Amino acid sequence: MYGRISFHAGDDMSKKISILVQLIIGFSLIIFTIVAFTIFLSYRSSSQAVLNRSNQYILESVKQLQGKMDAILQDNDKLSSTIMFSPLIQETLGDLAESRTPHTDAMDITRYIDQQTRSINYDIQFKLLGLSDNQVYTNSSSLKVIWDSEREIRSAYWFPAIAQNNGRMVWFGADVWQNGTIPVVMGARQINNWNALNRLGTLFLVLPVEVIHNAVSQFHLGKNEKIQIVDSFNTIVYSTDPNEIGLYMDDRLLNQFSNHKARIIPHTINSRNMYVSYAYSPYSEWSVFAYIDSKEAVKDLNGIRRNIILIGLLGMAAALLFTFFFSWTLSKPLRNLATKLSNVERGTTLPFVKTTMNKEMAILYSSYNSMLQNLDHTIADLSSKQITEKQAQIVALKAQFRPHFLYNTLNTIYWSLANKRMREESQMVLALSDLLRYSIDRGSEFVTVEEDLQQLERFIYLQKLRYEDKLQVDLHVNPEVMNRQLMKLTLQPLVENAITHGLEPTLREVWLIRIRAYSEGTSLVLTVEDNGEGMSEARMAEALISGEVTPEKLLHTGIGLSNLNHRIELIYGHGFGLHLSTSDLGGLLVKVTVPLQFDQG
């Protein structure tokens, strides 16, 4: 009986797995799970980091390319402005617009434009069209614009954009003739009279596509890269694939970047997975697209994956060896278990911490702290340099305009004309001198109504010399408000706006401006109304919206209706400012309301 029991117990024991095998299997499964999970997380985080870095590099490269394009176009834009606003071009096109015979012939203008463009190291063409046919001026160039008259360009799809920009450059892709039709980059703008702002003609500027190609060739994003530059009309101006130049951009891809935000999106083209990066220029309204093969963008991931797998396998092998050794020690007699565990604890972990943590981490922290300190110094130095550079720019701008030199010059002209008994001309110069002195003087920003009216009378005097009896001004000011304080240069911009934007576009035989100044409760009220073309309700609402000060607003006083209204609100607070309505004269009525009494402090 006892033998049978002993036999069965021995048989059961033979079926049991030894503790060494159990420990090896158990620890191996745990280590395999940990290592596999670690490899997965490491590869995922590393791949995401590499992908983010690649995308950031590509996006920054595209932004730099877009900035390079803007720099090229803006340099040529400045050159076209220099030519367009030169006295020679203004006088010639002005004479043609008034049906007068110009004093300068076409050869003189060609020589002038050639002189302005001789420093450019690539072929460029300027072409100026007057308002009537056969009024064409151009420089010496092998590039030939196919349009030779104002009438020919009016049907072009880009012509409305020129009129809407009101003198600013419109950039687009087009074709010109050079031993055959070739694609080029074209800029077009409306030529305006510098003083009166009336239209004098159209200017074309033609650049070869090689200018863009030379800039694009400096950027290398990958072996299978493709770069496209698209204008505001969705035409491909330039592409690294020449067959695409002149085609329209894919609308589906454009819709994904409709918010003009610089970013990267995945996209499939002809069954190929691509990354498309995008940058938009608010100046030229051009878009830059860069196409990178997804395999090219993540090519570093293959090496990272191999390294992670190799490290994981080596770590697993070392862990298995350690597991076998640790399991072997656990199978020793129980009397040695506590000692062995203590030896393992003291002999394996403590030295590991000392040898692998303290020294190495101390070096890393020291390097990191040193890097932060150097970075702080670098940022401080850069900030100091930027402030110094900005101050130098401000000093340089101030030095460009010396008011006292201008006053002295105008006074010299005045006495010269007075000595020659040219009374009317000398009075014009004197009025202009006083007008400028009042506008530029750095005194108080507040004047009396009487002082601002004196400035207005000088301005009206000069305008009536220009328009003679065509301009009629009805001025009435309540004597009780003559000594009231108001913001400097309040009335002149309103009258100038009425003449420029209300009366000049009309064909009336008599231009009438009615000006009133009176008190209304605790407010000082100024009104300026005209018999011009007036404004619609929508234009009135738009005119008082504050916005960026554009060159059009700076051509006269530098203060548009919206900017004047904004200045009044800033100084006097909400509830004061401009109100626009339709005048009983037929034009626009501008009502200005400010406090009758105002503490300048």
# chains A, B, ... in the order shown; residues from 1 in each chain; ligands from 1
>>> select_by_dssp(residues="range 473-552 of chain A", states="helix (DSSP H, G or I)", output="PDB file with all heavy atoms, in the first residue's frame")
ATOM      1  N   PRO A 479     -18.788 131.841 -35.056  1.00  0.00           N
ATOM      2  CA  PRO A 479     -17.682 132.514 -34.357  1.00  0.00           C
ATOM      3  C   PRO A 479     -17.403 131.942 -32.982  1.00  0.00           C
ATOM      4  O   PRO A 479     -16.261 132.008 -32.506  1.00  0.00           O
ATOM      5  CB  PRO A 479     -18.141 133.968 -34.281  1.00  0.00           C
ATOM      6  CG  PRO A 479     -19.133 134.122 -35.408  1.00  0.00           C
ATOM      7  CD  PRO A 479     -19.825 132.809 -35.523  1.00  0.00           C
ATOM      8  N   GLU A 480     -18.415 131.369 -32.323  1.00  0.00           N
ATOM      9  CA  GLU A 480     -18.205 130.895 -30.955  1.00  0.00           C
ATOM     10  C   GLU A 480     -17.285 129.678 -30.893  1.00  0.00           C
ATOM     11  O   GLU A 480     -16.797 129.329 -29.811  1.00  0.00           O
ATOM     12  CB  GLU A 480     -19.545 130.544 -30.313  1.00  0.00           C
ATOM     13  CG  GLU A 480     -20.233 129.346 -30.935  1.00  0.00           C
ATOM     14  CD  GLU A 480     -21.538 128.991 -30.227  1.00  0.00           C
ATOM     15  OE1 GLU A 480     -21.958 129.773 -29.364  1.00  0.00           O
ATOM     16  OE2 GLU A 480     -22.104 127.934 -30.537  1.00  0.00           O
ATOM     17  N   VAL A 481     -17.050 128.998 -32.007  1.00  0.00           N
ATOM     18  CA  VAL A 481     -16.193 127.804 -31.974  1.00  0.00           C
ATOM     19  C   VAL A 481     -14.799 128.089 -32.512  1.00  0.00           C
ATOM     20  O   VAL A 481     -13.979 127.173 -32.597  1.00  0.00           O
ATOM     21  CB  VAL A 481     -16.830 126.658 -32.785  1.00  0.00           C
ATOM     22  CG1 VAL A 481     -18.195 126.318 -32.242  1.00  0.00           C
ATOM     23  CG2 VAL A 481     -16.895 126.995 -34.278  1.00  0.00           C
ATOM     24  N   LEU A 491      -9.602 119.285 -40.944  1.00  0.00           N
ATOM     25  CA  LEU A 491     -10.421 119.752 -42.063  1.00  0.00           C
ATOM     26  C   LEU A 491      -9.764 119.489 -43.420  1.00  0.00           C
ATOM     27  O   LEU A 491     -10.435 119.103 -44.377  1.00  0.00           O
ATOM     28  CB  LEU A 491     -10.699 121.255 -41.905  1.00  0.00           C
ATOM     29  CG  LEU A 491     -11.738 121.617 -40.838  1.00  0.00           C
ATOM     30  CD1 LEU A 491     -11.744 123.098 -40.594  1.00  0.00           C
ATOM     31  CD2 LEU A 491     -13.108 121.133 -41.266  1.00  0.00           C
ATOM     32  N   GLN A 492      -8.456 119.746 -43.521  1.00  0.00           N
ATOM     33  CA  GLN A 492      -7.804 119.631 -44.838  1.00  0.00           C
ATOM     34  C   GLN A 492      -7.979 118.246 -45.469  1.00  0.00           C
ATOM     35  O   GLN A 492      -8.310 118.143 -46.655  1.00  0.00           O
ATOM     36  CB  GLN A 492      -6.319 119.977 -44.727  1.00  0.00           C
ATOM     37  CG  GLN A 492      -5.595 119.850 -46.073  1.00  0.00           C
ATOM     38  CD  GLN A 492      -4.080 119.955 -45.914  1.00  0.00           C
ATOM     39  OE1 GLN A 492      -3.594 120.614 -45.016  1.00  0.00           O
ATOM     40  NE2 GLN A 492      -3.360 119.285 -46.794  1.00  0.00           N
ATOM     41  N   PRO A 493      -7.772 117.131 -44.708  1.00  0.00           N
ATOM     42  CA  PRO A 493      -7.958 115.816 -45.335  1.00  0.00           C
ATOM     43  C   PRO A 493      -9.368 115.594 -45.845  1.00  0.00           C
ATOM     44  O   PRO A 493      -9.559 114.930 -46.862  1.00  0.00           O
ATOM     45  CB  PRO A 493      -7.600 114.844 -44.200  1.00  0.00           C
ATOM     46  CG  PRO A 493      -6.758 115.624 -43.265  1.00  0.00           C
ATOM     47  CD  PRO A 493      -7.247 117.030 -43.339  1.00  0.00           C
ATOM     48  N   LEU A 494     -10.381 116.153 -45.151  1.00  0.00           N
ATOM     49  CA  LEU A 494     -11.755 115.957 -45.601  1.00  0.00           C
ATOM     50  C   LEU A 494     -12.016 116.684 -46.914  1.00  0.00           C
ATOM     51  O   LEU A 494     -12.662 116.150 -47.827  1.00  0.00           O
ATOM     52  CB  LEU A 494     -12.720 116.453 -44.523  1.00  0.00           C
ATOM     53  CG  LEU A 494     -12.635 115.743 -43.162  1.00  0.00           C
ATOM     54  CD1 LEU A 494     -13.605 116.375 -42.177  1.00  0.00           C
ATOM     55  CD2 LEU A 494     -12.924 114.264 -43.329  1.00  0.00           C
ATOM     56  N   VAL A 495     -11.502 117.929 -47.031  1.00  0.00           N
ATOM     57  CA  VAL A 495     -11.695 118.680 -48.273  1.00  0.00           C
ATOM     58  C   VAL A 495     -10.902 118.034 -49.400  1.00  0.00           C
ATOM     59  O   VAL A 495     -11.382 117.926 -50.529  1.00  0.00           O
ATOM     60  CB  VAL A 495     -11.278 120.154 -48.064  1.00  0.00           C
ATOM     61  CG1 VAL A 495     -11.361 120.923 -49.373  1.00  0.00           C
ATOM     62  CG2 VAL A 495     -12.160 120.801 -47.008  1.00  0.00           C
ATOM     63  N   GLU A 496      -9.688 117.611 -49.090  1.00  0.00           N
ATOM     64  CA  GLU A 496      -8.876 116.958 -50.118  1.00  0.00           C
ATOM     65  C   GLU A 496      -9.531 115.660 -50.597  1.00  0.00           C
ATOM     66  O   GLU A 496      -9.529 115.343 -51.785  1.00  0.00           O
ATOM     67  CB  GLU A 496      -7.491 116.668 -49.560  1.00  0.00           C
ATOM     68  CG  GLU A 496      -6.538 116.096 -50.621  1.00  0.00           C
ATOM     69  CD  GLU A 496      -5.122 115.958 -50.083  1.00  0.00           C
ATOM     70  OE1 GLU A 496      -4.914 116.230 -48.897  1.00  0.00           O
ATOM     71  OE2 GLU A 496      -4.247 115.591 -50.867  1.00  0.00           O
ATOM     72  N   ASN A 497     -10.124 114.900 -49.667  1.00  0.00           N
ATOM     73  CA  ASN A 497     -10.824 113.676 -50.035  1.00  0.00           C
ATOM     74  C   ASN A 497     -12.028 113.987 -50.915  1.00  0.00           C
ATOM     75  O   ASN A 497     -12.318 113.270 -51.871  1.00  0.00           O
ATOM     76  CB  ASN A 497     -11.262 112.949 -48.762  1.00  0.00           C
ATOM     77  CG  ASN A 497     -11.905 111.622 -49.074  1.00  0.00           C
ATOM     78  OD1 ASN A 497     -11.229 110.634 -49.339  1.00  0.00           O
ATOM     79  ND2 ASN A 497     -13.219 111.574 -49.044  1.00  0.00           N
ATOM     80  N   ALA A 498     -12.741 115.092 -50.603  1.00  0.00           N
ATOM     81  CA  ALA A 498     -13.906 115.462 -51.413  1.00  0.00           C
ATOM     82  C   ALA A 498     -13.489 115.804 -52.836  1.00  0.00           C
ATOM     83  O   ALA A 498     -14.167 115.436 -53.802  1.00  0.00           O
ATOM     84  CB  ALA A 498     -14.619 116.642 -50.758  1.00  0.00           C
ATOM     85  N   ILE A 499     -12.342 116.530 -52.984  1.00  0.00           N
ATOM     86  CA  ILE A 499     -11.893 116.907 -54.331  1.00  0.00           C
ATOM     87  C   ILE A 499     -11.410 115.684 -55.097  1.00  0.00           C
ATOM     88  O   ILE A 499     -11.798 115.448 -56.248  1.00  0.00           O
ATOM     89  CB  ILE A 499     -10.767 117.967 -54.234  1.00  0.00           C
ATOM     90  CG1 ILE A 499     -11.329 119.261 -53.632  1.00  0.00           C
ATOM     91  CG2 ILE A 499     -10.159 118.228 -55.605  1.00  0.00           C
ATOM     92  CD1 ILE A 499     -10.272 120.315 -53.387  1.00  0.00           C
ATOM     93  N   THR A 500     -10.555 114.890 -54.442  1.00  0.00           N
ATOM     94  CA  THR A 500      -9.904 113.777 -55.136  1.00  0.00           C
ATOM     95  C   THR A 500     -10.879 112.666 -55.489  1.00  0.00           C
ATOM     96  O   THR A 500     -10.897 112.177 -56.618  1.00  0.00           O
ATOM     97  CB  THR A 500      -8.768 113.216 -54.266  1.00  0.00           C
ATOM     98  OG1 THR A 500      -7.860 114.268 -53.955  1.00  0.00           O
ATOM     99  CG2 THR A 500      -8.028 112.098 -54.998  1.00  0.00           C
ATOM    100  N   HIS A 501     -11.701 112.254 -54.501  1.00  0.00           N
ATOM    101  CA  HIS A 501     -12.534 111.073 -54.711  1.00  0.00           C
ATOM    102  C   HIS A 501     -13.981 111.405 -55.022  1.00  0.00           C
ATOM    103  O   HIS A 501     -14.719 110.534 -55.499  1.00  0.00           O
ATOM    104  CB  HIS A 501     -12.479 110.177 -53.470  1.00  0.00           C
ATOM    105  CG  HIS A 501     -11.102 109.709 -53.138  1.00  0.00           C
ATOM    106  ND1 HIS A 501     -10.407 108.810 -53.920  1.00  0.00           N
ATOM    107  CD2 HIS A 501     -10.267 110.048 -52.104  1.00  0.00           C
ATOM    108  CE1 HIS A 501      -9.222 108.584 -53.385  1.00  0.00           C
ATOM    109  NE2 HIS A 501      -9.110 109.330 -52.286  1.00  0.00           N
ATOM    110  N   GLY A 502     -14.407 112.644 -54.751  1.00  0.00           N
ATOM    111  CA  GLY A 502     -15.798 112.972 -55.005  1.00  0.00           C
ATOM    112  C   GLY A 502     -16.004 113.824 -56.240  1.00  0.00           C
ATOM    113  O   GLY A 502     -16.916 113.562 -57.034  1.00  0.00           O
ATOM    114  N   LEU A 503     -15.134 114.865 -56.444  1.00  0.00           N
ATOM    115  CA  LEU A 503     -15.364 115.814 -57.525  1.00  0.00           C
ATOM    116  C   LEU A 503     -14.600 115.470 -58.799  1.00  0.00           C
ATOM    117  O   LEU A 503     -15.145 115.603 -59.903  1.00  0.00           O
ATOM    118  CB  LEU A 503     -14.986 117.229 -57.052  1.00  0.00           C
ATOM    119  CG  LEU A 503     -15.823 117.760 -55.869  1.00  0.00           C
ATOM    120  CD1 LEU A 503     -15.293 119.098 -55.420  1.00  0.00           C
ATOM    121  CD2 LEU A 503     -17.294 117.859 -56.242  1.00  0.00           C
ATOM    122  N   GLU A 537     -24.183 102.909 -49.873  1.00  0.00           N
ATOM    123  CA  GLU A 537     -24.189 102.562 -48.456  1.00  0.00           C
ATOM    124  C   GLU A 537     -23.065 101.582 -48.132  1.00  0.00           C
ATOM    125  O   GLU A 537     -22.411 101.677 -47.083  1.00  0.00           O
ATOM    126  CB  GLU A 537     -25.544 101.945 -48.075  1.00  0.00           C
ATOM    127  CG  GLU A 537     -26.718 102.898 -48.159  1.00  0.00           C
ATOM    128  CD  GLU A 537     -26.630 104.010 -47.100  1.00  0.00           C
ATOM    129  OE1 GLU A 537     -25.970 103.795 -46.078  1.00  0.00           O
ATOM    130  OE2 GLU A 537     -27.240 105.085 -47.307  1.00  0.00           O
ATOM    131  N   ALA A 538     -22.834 100.629 -49.047  1.00  0.00           N
ATOM    132  CA  ALA A 538     -21.779  99.644 -48.802  1.00  0.00           C
ATOM    133  C   ALA A 538     -20.410 100.305 -48.784  1.00  0.00           C
ATOM    134  O   ALA A 538     -19.558  99.999 -47.946  1.00  0.00           O
ATOM    135  CB  ALA A 538     -21.826  98.553 -49.877  1.00  0.00           C
ATOM    136  N   ARG A 539     -20.167 101.246 -49.724  1.00  0.00           N
ATOM    137  CA  ARG A 539     -18.869 101.928 -49.755  1.00  0.00           C
ATOM    138  C   ARG A 539     -18.688 102.829 -48.536  1.00  0.00           C
ATOM    139  O   ARG A 539     -17.576 102.993 -48.043  1.00  0.00           O
ATOM    140  CB  ARG A 539     -18.748 102.739 -51.037  1.00  0.00           C
ATOM    141  CG  ARG A 539     -18.538 101.899 -52.299  1.00  0.00           C
ATOM    142  CD  ARG A 539     -18.299 102.792 -53.499  1.00  0.00           C
ATOM    143  NE  ARG A 539     -17.139 103.652 -53.297  1.00  0.00           N
ATOM    144  CZ  ARG A 539     -16.872 104.729 -54.035  1.00  0.00           C
ATOM    145  NH1 ARG A 539     -17.708 105.092 -55.003  1.00  0.00           N
ATOM    146  NH2 ARG A 539     -15.800 105.448 -53.808  1.00  0.00           N
ATOM    147  N   MET A 540     -19.775 103.440 -48.066  1.00  0.00           N
ATOM    148  CA  MET A 540     -19.655 104.266 -46.860  1.00  0.00           C
ATOM    149  C   MET A 540     -19.220 103.420 -45.663  1.00  0.00           C
ATOM    150  O   MET A 540     -18.358 103.831 -44.879  1.00  0.00           O
ATOM    151  CB  MET A 540     -21.000 104.934 -46.548  1.00  0.00           C
ATOM    152  CG  MET A 540     -21.399 106.032 -47.532  1.00  0.00           C
ATOM    153  SD  MET A 540     -22.982 106.771 -47.052  1.00  0.00           S
ATOM    154  CE  MET A 540     -23.339 107.782 -48.500  1.00  0.00           C
ATOM    155  N   ALA A 541     -19.833 102.241 -45.526  1.00  0.00           N
ATOM    156  CA  ALA A 541     -19.459 101.370 -44.401  1.00  0.00           C
ATOM    157  C   ALA A 541     -18.026 100.895 -44.542  1.00  0.00           C
ATOM    158  O   ALA A 541     -17.281 100.827 -43.566  1.00  0.00           O
ATOM    159  CB  ALA A 541     -20.418 100.175 -44.337  1.00  0.00           C
ATOM    160  N   GLU A 542     -17.611 100.589 -45.755  1.00  0.00           N
ATOM    161  CA  GLU A 542     -16.245 100.094 -45.984  1.00  0.00           C
ATOM    162  C   GLU A 542     -15.211 101.187 -45.769  1.00  0.00           C
ATOM    163  O   GLU A 542     -14.094 100.922 -45.334  1.00  0.00           O
ATOM    164  CB  GLU A 542     -16.142  99.537 -47.401  1.00  0.00           C
ATOM    165  CG  GLU A 542     -14.782  98.938 -47.717  1.00  0.00           C
ATOM    166  CD  GLU A 542     -14.735  98.421 -49.147  1.00  0.00           C
ATOM    167  OE1 GLU A 542     -15.757  98.536 -49.847  1.00  0.00           O
ATOM    168  OE2 GLU A 542     -13.672  97.930 -49.550  1.00  0.00           O
ATOM    169  N   ALA A 543     -15.577 102.434 -46.075  1.00  0.00           N
ATOM    170  CA  ALA A 543     -14.606 103.535 -46.018  1.00  0.00           C
ATOM    171  C   ALA A 543     -14.140 103.822 -44.602  1.00  0.00           C
ATOM    172  O   ALA A 543     -13.055 104.379 -44.409  1.00  0.00           O
ATOM    173  CB  ALA A 543     -15.216 104.797 -46.624  1.00  0.00           C
ATOM    174  N   PRO A 551      -0.084 102.653 -49.948  1.00  0.00           N
ATOM    175  CA  PRO A 551       0.503 103.777 -50.676  1.00  0.00           C
ATOM    176  C   PRO A 551      -0.516 104.721 -51.257  1.00  0.00           C
ATOM    177  O   PRO A 551      -0.289 105.917 -51.368  1.00  0.00           O
ATOM    178  CB  PRO A 551       1.300 103.070 -51.768  1.00  0.00           C
ATOM    179  CG  PRO A 551       1.616 101.731 -51.195  1.00  0.00           C
ATOM    180  CD  PRO A 551       0.428 101.369 -50.366  1.00  0.00           C
ATOM    181  N   GLU A 552      -1.735 104.213 -51.619  1.00  0.00           N
ATOM    182  CA  GLU A 552      -2.736 105.116 -52.183  1.00  0.00           C
ATOM    183  C   GLU A 552      -3.161 106.170 -51.157  1.00  0.00           C
ATOM    184  O   GLU A 552      -3.412 107.313 -51.502  1.00  0.00           O
ATOM    185  CB  GLU A 552      -3.970 104.321 -52.638  1.00  0.00           C
ATOM    186  CG  GLU A 552      -3.711 103.369 -53.801  1.00  0.00           C
ATOM    187  CD  GLU A 552      -3.071 102.080 -53.336  1.00  0.00           C
ATOM    188  OE1 GLU A 552      -3.330 101.662 -52.216  1.00  0.00           O
ATOM    189  OE2 GLU A 552      -2.271 101.513 -54.094  1.00  0.00           O
TER     190      GLU A 552
END
>>> residues_around(residues="Thr323 in chain A", least_positions_apart="6", cutoff="9 Å", atoms="only C-alpha atoms", output="PDB file with N, CA and C atoms, in the first residue's frame")
ATOM      1  N   LEU A  23      11.413  29.269 -14.112  1.00  0.00           N
ATOM      2  CA  LEU A  23      11.967  30.623 -14.054  1.00  0.00           C
ATOM      3  C   LEU A  23      12.441  31.093 -15.420  1.00  0.00           C
ATOM      4  N   ILE A  24      13.111  30.207 -16.150  1.00  0.00           N
ATOM      5  CA  ILE A  24      13.608  30.601 -17.476  1.00  0.00           C
ATOM      6  C   ILE A  24      12.440  30.931 -18.404  1.00  0.00           C
ATOM      7  N   PHE A  27      10.508  34.228 -16.933  1.00  0.00           N
ATOM      8  CA  PHE A  27      11.259  35.458 -17.150  1.00  0.00           C
ATOM      9  C   PHE A  27      11.461  35.735 -18.649  1.00  0.00           C
ATOM     10  N   SER A  28      11.642  34.680 -19.437  1.00  0.00           N
ATOM     11  CA  SER A  28      11.824  34.867 -20.885  1.00  0.00           C
ATOM     12  C   SER A  28      10.586  35.490 -21.516  1.00  0.00           C
ATOM     13  N   ILE A  31      10.439  39.142 -20.348  1.00  0.00           N
ATOM     14  CA  ILE A  31      11.452  39.959 -21.025  1.00  0.00           C
ATOM     15  C   ILE A  31      11.115  40.110 -22.504  1.00  0.00           C
TER      16      ILE A  31
END
>>> residues_around(residues="Val447 in chain A", least_positions_apart="3", cutoff="9 Å", atoms="only C-alpha atoms", output="ChimeraX atom specification")
/A:444,450-452,483-489
>>> atom_distance(atom1="CA of Arg263 in chain A", atom2="CA of Ala279 in chain A")
7.2 Å
>>> residues_around(residues="Thr101 in chain A", least_positions_apart="4", cutoff="12 Å", atoms="only C-alpha atoms", output="list in words")
Glu91, Thr92, Leu93, Gly94, Asp95, Leu96, Ala97, Asp105 and Gln135 of chain A
>>> write_last_selection(atoms="all heavy atoms", output="PDB file, in the first residue's frame")
ATOM      1  N   GLU A  91       5.675 112.988 -67.315  1.00  0.00           N
ATOM      2  CA  GLU A  91       5.380 114.122 -68.199  1.00  0.00           C
ATOM      3  C   GLU A  91       4.963 113.640 -69.588  1.00  0.00           C
ATOM      4  O   GLU A  91       4.023 114.173 -70.187  1.00  0.00           O
ATOM      5  CB  GLU A  91       6.608 115.024 -68.303  1.00  0.00           C
ATOM      6  CG  GLU A  91       6.927 115.767 -66.997  1.00  0.00           C
ATOM      7  CD  GLU A  91       8.209 116.572 -67.100  1.00  0.00           C
ATOM      8  OE1 GLU A  91       8.801 116.584 -68.202  1.00  0.00           O
ATOM      9  OE2 GLU A  91       8.622 117.167 -66.089  1.00  0.00           O
ATOM     10  N   THR A  92       5.680 112.620 -70.110  1.00  0.00           N
ATOM     11  CA  THR A  92       5.367 112.135 -71.464  1.00  0.00           C
ATOM     12  C   THR A  92       3.964 111.536 -71.521  1.00  0.00           C
ATOM     13  O   THR A  92       3.153 111.894 -72.389  1.00  0.00           O
ATOM     14  CB  THR A  92       6.409 111.092 -71.898  1.00  0.00           C
ATOM     15  OG1 THR A  92       7.705 111.689 -71.873  1.00  0.00           O
ATOM     16  CG2 THR A  92       6.106 110.588 -73.298  1.00  0.00           C
ATOM     17  N   LEU A  93       3.655 110.603 -70.599  1.00  0.00           N
ATOM     18  CA  LEU A  93       2.337 109.978 -70.609  1.00  0.00           C
ATOM     19  C   LEU A  93       1.243 110.975 -70.239  1.00  0.00           C
ATOM     20  O   LEU A  93       0.103 110.862 -70.691  1.00  0.00           O
ATOM     21  CB  LEU A  93       2.312 108.788 -69.642  1.00  0.00           C
ATOM     22  CG  LEU A  93       3.210 107.599 -70.017  1.00  0.00           C
ATOM     23  CD1 LEU A  93       3.061 106.479 -69.008  1.00  0.00           C
ATOM     24  CD2 LEU A  93       2.896 107.090 -71.420  1.00  0.00           C
ATOM     25  N   GLY A  94       1.579 111.959 -69.407  1.00  0.00           N
ATOM     26  CA  GLY A  94       0.613 113.001 -69.078  1.00  0.00           C
ATOM     27  C   GLY A  94       0.259 113.838 -70.303  1.00  0.00           C
ATOM     28  O   GLY A  94      -0.901 114.181 -70.518  1.00  0.00           O
ATOM     29  N   ASP A  95       1.290 114.197 -71.094  1.00  0.00           N
ATOM     30  CA  ASP A  95       1.022 114.939 -72.323  1.00  0.00           C
ATOM     31  C   ASP A  95       0.147 114.129 -73.265  1.00  0.00           C
ATOM     32  O   ASP A  95      -0.789 114.664 -73.886  1.00  0.00           O
ATOM     33  CB  ASP A  95       2.345 115.300 -73.010  1.00  0.00           C
ATOM     34  CG  ASP A  95       3.116 116.369 -72.228  1.00  0.00           C
ATOM     35  OD1 ASP A  95       2.484 117.085 -71.423  1.00  0.00           O
ATOM     36  OD2 ASP A  95       4.339 116.469 -72.404  1.00  0.00           O
ATOM     37  N   LEU A  96       0.440 112.822 -73.399  1.00  0.00           N
ATOM     38  CA  LEU A  96      -0.358 111.987 -74.296  1.00  0.00           C
ATOM     39  C   LEU A  96      -1.799 111.861 -73.804  1.00  0.00           C
ATOM     40  O   LEU A  96      -2.733 111.854 -74.601  1.00  0.00           O
ATOM     41  CB  LEU A  96       0.282 110.601 -74.405  1.00  0.00           C
ATOM     42  CG  LEU A  96       1.652 110.552 -75.108  1.00  0.00           C
ATOM     43  CD1 LEU A  96       2.241 109.151 -75.017  1.00  0.00           C
ATOM     44  CD2 LEU A  96       1.527 110.976 -76.575  1.00  0.00           C
ATOM     45  N   ALA A  97      -1.972 111.743 -72.479  1.00  0.00           N
ATOM     46  CA  ALA A  97      -3.323 111.627 -71.940  1.00  0.00           C
ATOM     47  C   ALA A  97      -4.140 112.888 -72.184  1.00  0.00           C
ATOM     48  O   ALA A  97      -5.365 112.827 -72.326  1.00  0.00           O
ATOM     49  CB  ALA A  97      -3.261 111.313 -70.439  1.00  0.00           C
ATOM     50  N   ASP A 105      10.974 112.239 -77.253  1.00  0.00           N
ATOM     51  CA  ASP A 105      10.634 111.227 -78.243  1.00  0.00           C
ATOM     52  C   ASP A 105      10.875 109.833 -77.661  1.00  0.00           C
ATOM     53  O   ASP A 105      11.405 109.666 -76.566  1.00  0.00           O
ATOM     54  CB  ASP A 105      11.429 111.408 -79.545  1.00  0.00           C
ATOM     55  CG  ASP A 105      12.937 111.362 -79.308  1.00  0.00           C
ATOM     56  OD1 ASP A 105      13.359 110.787 -78.276  1.00  0.00           O
ATOM     57  OD2 ASP A 105      13.684 111.892 -80.133  1.00  0.00           O
ATOM     58  N   GLN A 135       0.748 104.430 -78.752  1.00  0.00           N
ATOM     59  CA  GLN A 135       1.538 105.104 -77.708  1.00  0.00           C
ATOM     60  C   GLN A 135       2.285 104.020 -76.940  1.00  0.00           C
ATOM     61  O   GLN A 135       1.869 103.584 -75.877  1.00  0.00           O
ATOM     62  CB  GLN A 135       0.627 105.902 -76.785  1.00  0.00           C
ATOM     63  CG  GLN A 135      -0.097 107.045 -77.475  1.00  0.00           C
ATOM     64  CD  GLN A 135      -1.035 107.770 -76.534  1.00  0.00           C
ATOM     65  OE1 GLN A 135      -1.137 107.433 -75.365  1.00  0.00           O
ATOM     66  NE2 GLN A 135      -1.722 108.787 -77.037  1.00  0.00           N
TER      67      GLN A 135
END
>>> residues_around(residues="Asp175 in chain A", least_positions_apart="6", cutoff="10 Å", atoms="only C-alpha atoms", output="PyMOL selection string")
chain A and resi 143-146+181-186+206+246
>>> closest_residue(among="A:Ser519, A:Asn195, A:Thr268, A:Ser99", to="Arg466 in chain A", atoms="only C-alpha atoms")
A:Asn195
>>> atom_distance(atom1="CA of Leu589 in chain A", atom2="CA of Gly534 in chain A")
8.3 Å
>>> atom_distance(atom1="CA of Tyr275 in chain A", atom2="CA of Tyr248 in chain A")
20.2 Å
>>> residues_around(residues="Thr117 in chain A", least_positions_apart="3", cutoff="10 Å", atoms="only C-alpha atoms", output="ChimeraX atom specification")
/A:76,79-80,83,111-114,120-126,139-140
>>> select_by_dssp(residues="range 484-516 of chain A", states="strand (DSSP E or B)", output="list in words")
Gln485, Leu486, Met487, Trp511, Leu512, Ile513, Arg514, Ile515 and Arg516 of chain A
>>> residues_around(residues="Ser583 in chain A", least_positions_apart="5", cutoff="9 Å", atoms="only C-alpha atoms", output="list in words")
Glu529, Asp530, Asn531, Gly534, Leu588, Leu589 and Val590 of chain A
